[in-house]
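Reviewing the structure listed below.
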Amino acid sequence: MEKLLLHSLQIVARGVQIHVIMELQAPMLHHREKGLTLIEILVVIAIMSLLIGVLLPNLLDVRKKSRDDRRKADLKAVAESLELYKINQLRPYYPTSGLPAPGQPITDPTSGVVYMKQSPKDPLYGVNPTVYFYRIAYPTSGDFTNYYIGGCLENSSDAEGKTSLPAGVSWSNCPTPNLWYYRTNP
């Protein structure tokens, strides 16, 4: 922006005062090219680094929480299909074998009835082939009316996560933070 110098001039003629303001353009003392100085660039980089440092961990936690929510919803859907299986049996038992491979249907091996078109995959199945686990609670006693179904959680602050499994249940270890989510029959 150019600076203007204002000069006032008084003219007295025939008893009338006239004020005249003259505008003179000041010579440009500092000529600045468009652009940012090094200090300005460093300040912007510092602010962006702080924002990234604060926001990135929160975004990663949100993604972990959403994957854990998906796992819980998947396990609830599998539990519902197991209940349908139990209802259709002459003796109300749950399946004695484990879950099929991810993507395969959950069916009754004797009647062929499909209870779930595809067994769910863990949200990180391509990266971490952790699958959901199913086990009859007391198979040695012949009691097939109780089960455990579960999977690994990523979010270490999940209130529903457990660090240990029920007695007699052994599944492969979860990756860090070794946090389990499991449910039993209703």
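By convention in this document, the chains of the structure tokens carry letters A, B, ... by their order, each chain's residues are numbered from 1, and ligands are numbered from 1 in the order they are shown.
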
Based on the backbone DSSP call, show me all residues of stretch 14-169 of chain A assigned strand (DSSP E), as a ChimeraX atom specification. /A:16-25,106-107,114-116,133-138,143-153

Convert the current residue selection to file output with N, CA and C atoms, as a CSV table (one decimal), in the first residue's frame.
chain,number,residue,atom,x,y,z
A,16,VAL,N,-11.8,35.5,2.4
A,16,VAL,CA,-12.4,34.1,2.4
A,16,VAL,C,-11.2,33.2,2.6
A,17,GLN,N,-11.2,32.4,3.6
A,17,GLN,CA,-10.2,31.4,3.7
A,17,GLN,C,-10.6,30.2,3.0
A,18,ILE,N,-9.6,29.7,2.2
A,18,ILE,CA,-9.9,28.4,1.5
A,18,ILE,C,-8.8,27.5,1.9
A,19,HIS,N,-9.2,26.4,2.3
A,19,HIS,CA,-8.2,25.3,2.7
A,19,HIS,C,-8.1,24.4,1.5
A,20,VAL,N,-6.9,24.2,1.1
A,20,VAL,CA,-6.6,23.3,0.0
A,20,VAL,C,-5.7,22.2,0.5
A,21,ILE,N,-6.1,21.0,0.3
A,21,ILE,CA,-5.3,19.8,0.7
A,21,ILE,C,-4.7,19.2,-0.6
A,22,MET,N,-3.4,19.1,-0.5
A,22,MET,CA,-2.7,18.6,-1.7
A,22,MET,C,-2.2,17.2,-1.3
A,23,GLU,N,-2.3,16.3,-2.2
A,23,GLU,CA,-1.9,14.9,-2.0
A,23,GLU,C,-0.6,14.7,-2.8
A,24,LEU,N,0.4,14.4,-2.1
A,24,LEU,CA,1.6,14.1,-2.8
A,24,LEU,C,2.0,12.6,-2.5
A,25,GLN,N,2.4,11.9,-3.6
A,25,GLN,CA,2.7,10.5,-3.4
A,25,GLN,C,4.1,10.4,-2.8
A,106,ILE,N,-22.6,-70.1,7.6
A,106,ILE,CA,-22.8,-70.9,8.8
A,106,ILE,C,-24.1,-71.7,8.5
A,107,THR,N,-23.9,-73.0,8.5
A,107,THR,CA,-25.0,-73.9,8.1
A,107,THR,C,-25.1,-75.1,9.1
A,114,VAL,N,-29.1,-72.7,6.0
A,114,VAL,CA,-28.1,-71.7,6.2
A,114,VAL,C,-28.6,-70.7,7.2
A,115,TYR,N,-27.8,-70.4,8.2
A,115,TYR,CA,-28.1,-69.5,9.3
A,115,TYR,C,-27.5,-68.1,9.1
A,116,MET,N,-26.4,-68.1,8.3
A,116,MET,CA,-25.7,-66.9,8.0
A,116,MET,C,-25.0,-67.1,6.7
A,133,PHE,N,-13.6,-66.4,17.3
A,133,PHE,CA,-13.4,-67.7,17.9
A,133,PHE,C,-14.8,-68.2,18.5
A,134,TYR,N,-15.0,-69.4,18.4
A,134,TYR,CA,-16.2,-70.0,18.9
A,134,TYR,C,-15.8,-71.3,19.6
A,135,ARG,N,-16.4,-71.6,20.8
A,135,ARG,CA,-16.1,-72.8,21.5
A,135,ARG,C,-17.3,-73.1,22.4
A,136,ILE,N,-17.6,-74.4,22.5
A,136,ILE,CA,-18.6,-74.9,23.4
A,136,ILE,C,-18.0,-74.7,24.8
A,137,ALA,N,-18.7,-74.2,25.8
A,137,ALA,CA,-18.2,-74.0,27.1
A,137,ALA,C,-17.7,-75.2,27.8
A,138,TYR,N,-18.5,-76.3,27.8
A,138,TYR,CA,-18.2,-77.5,28.6
A,138,TYR,C,-18.3,-78.7,27.7
A,143,ASP,N,-22.2,-81.1,27.8
A,143,ASP,CA,-23.2,-80.0,27.9
A,143,ASP,C,-22.9,-79.0,26.7
A,144,PHE,N,-23.8,-79.1,25.7
A,144,PHE,CA,-23.6,-78.2,24.5
A,144,PHE,C,-24.6,-77.1,24.5
A,145,THR,N,-25.0,-76.7,25.7
A,145,THR,CA,-26.0,-75.6,25.8
A,145,THR,C,-25.4,-74.2,26.2
A,146,ASN,N,-24.1,-74.2,26.3
A,146,ASN,CA,-23.4,-72.9,26.5
A,146,ASN,C,-22.2,-72.8,25.6
A,147,TYR,N,-21.9,-71.6,25.2
A,147,TYR,CA,-20.7,-71.4,24.3
A,147,TYR,C,-20.1,-70.0,24.7
A,148,TYR,N,-18.9,-69.9,24.1
A,148,TYR,CA,-18.1,-68.6,24.1
A,148,TYR,C,-17.8,-68.3,22.7
A,149,ILE,N,-18.0,-67.0,22.4
A,149,ILE,CA,-17.6,-66.5,21.0
A,149,ILE,C,-16.9,-65.2,21.3
A,150,GLY,N,-15.8,-65.0,20.5
A,150,GLY,CA,-15.1,-63.8,20.8
A,150,GLY,C,-14.1,-63.4,19.7
A,151,GLY,N,-13.4,-62.4,20.0
A,151,GLY,CA,-12.4,-61.9,19.1
A,151,GLY,C,-11.5,-60.9,19.8
A,152,CYS,N,-10.5,-60.4,19.1
A,152,CYS,CA,-9.5,-59.5,19.7
A,152,CYS,C,-9.9,-58.1,19.4
A,153,LEU,N,-9.6,-57.2,20.4
A,153,LEU,CA,-9.9,-55.8,20.3
A,153,LEU,C,-8.6,-55.0,20.1

At a cut-off of 12 Å, using only C-alpha atoms, what residues contact A:Asp122? Leave out same-chain residues fewer than 4 positions from it and give the result as JSON, numbers by chain. {"A": [67, 68, 69, 70, 71, 72, 73, 74, 75, 101, 102, 103, 126, 127, 128, 129, 130, 131, 132, 133, 150, 151, 152, 153, 154]}

Selection to disk with C-alpha atoms, as a tab-separated table (two decimals), in the first residue's frame:
chain	number	residue	atom	x	y	z
A	67	ARG	CA	-13.16	-51.52	13.95
A	68	ASP	CA	-13.87	-52.78	17.48
A	69	ASP	CA	-17.52	-51.74	17.13
A	70	ARG	CA	-17.67	-53.69	13.88
A	71	ARG	CA	-16.18	-56.75	15.63
A	72	LYS	CA	-18.82	-56.55	18.37
A	73	ALA	CA	-21.61	-56.23	15.80
A	74	ASP	CA	-20.21	-59.21	13.87
A	75	LEU	CA	-20.12	-61.33	17.02
A	101	ALA	CA	-13.63	-69.90	7.67
A	102	PRO	CA	-14.36	-66.20	7.16
A	103	GLY	CA	-16.65	-65.68	4.18
A	126	GLY	CA	-6.22	-58.94	5.07
A	127	VAL	CA	-3.54	-57.40	7.30
A	128	ASN	CA	-4.00	-59.48	10.43
A	129	PRO	CA	-5.71	-62.82	9.83
A	130	THR	CA	-7.21	-62.87	13.31
A	131	VAL	CA	-10.56	-64.62	13.08
A	132	TYR	CA	-13.46	-64.82	15.46
A	133	PHE	CA	-13.43	-67.72	17.88
A	150	GLY	CA	-15.06	-63.78	20.80
A	151	GLY	CA	-12.37	-61.86	19.06
A	152	CYS	CA	-9.49	-59.51	19.66
A	153	LEU	CA	-9.89	-55.78	20.28
A	154	GLU	CA	-7.46	-53.04	19.30

Straight-line distance linking atom CA of A:Leu124 with atom CA of A:Ser170, stated in Å to one decimal: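 Between these atoms lies a distance of 21.7 Å.
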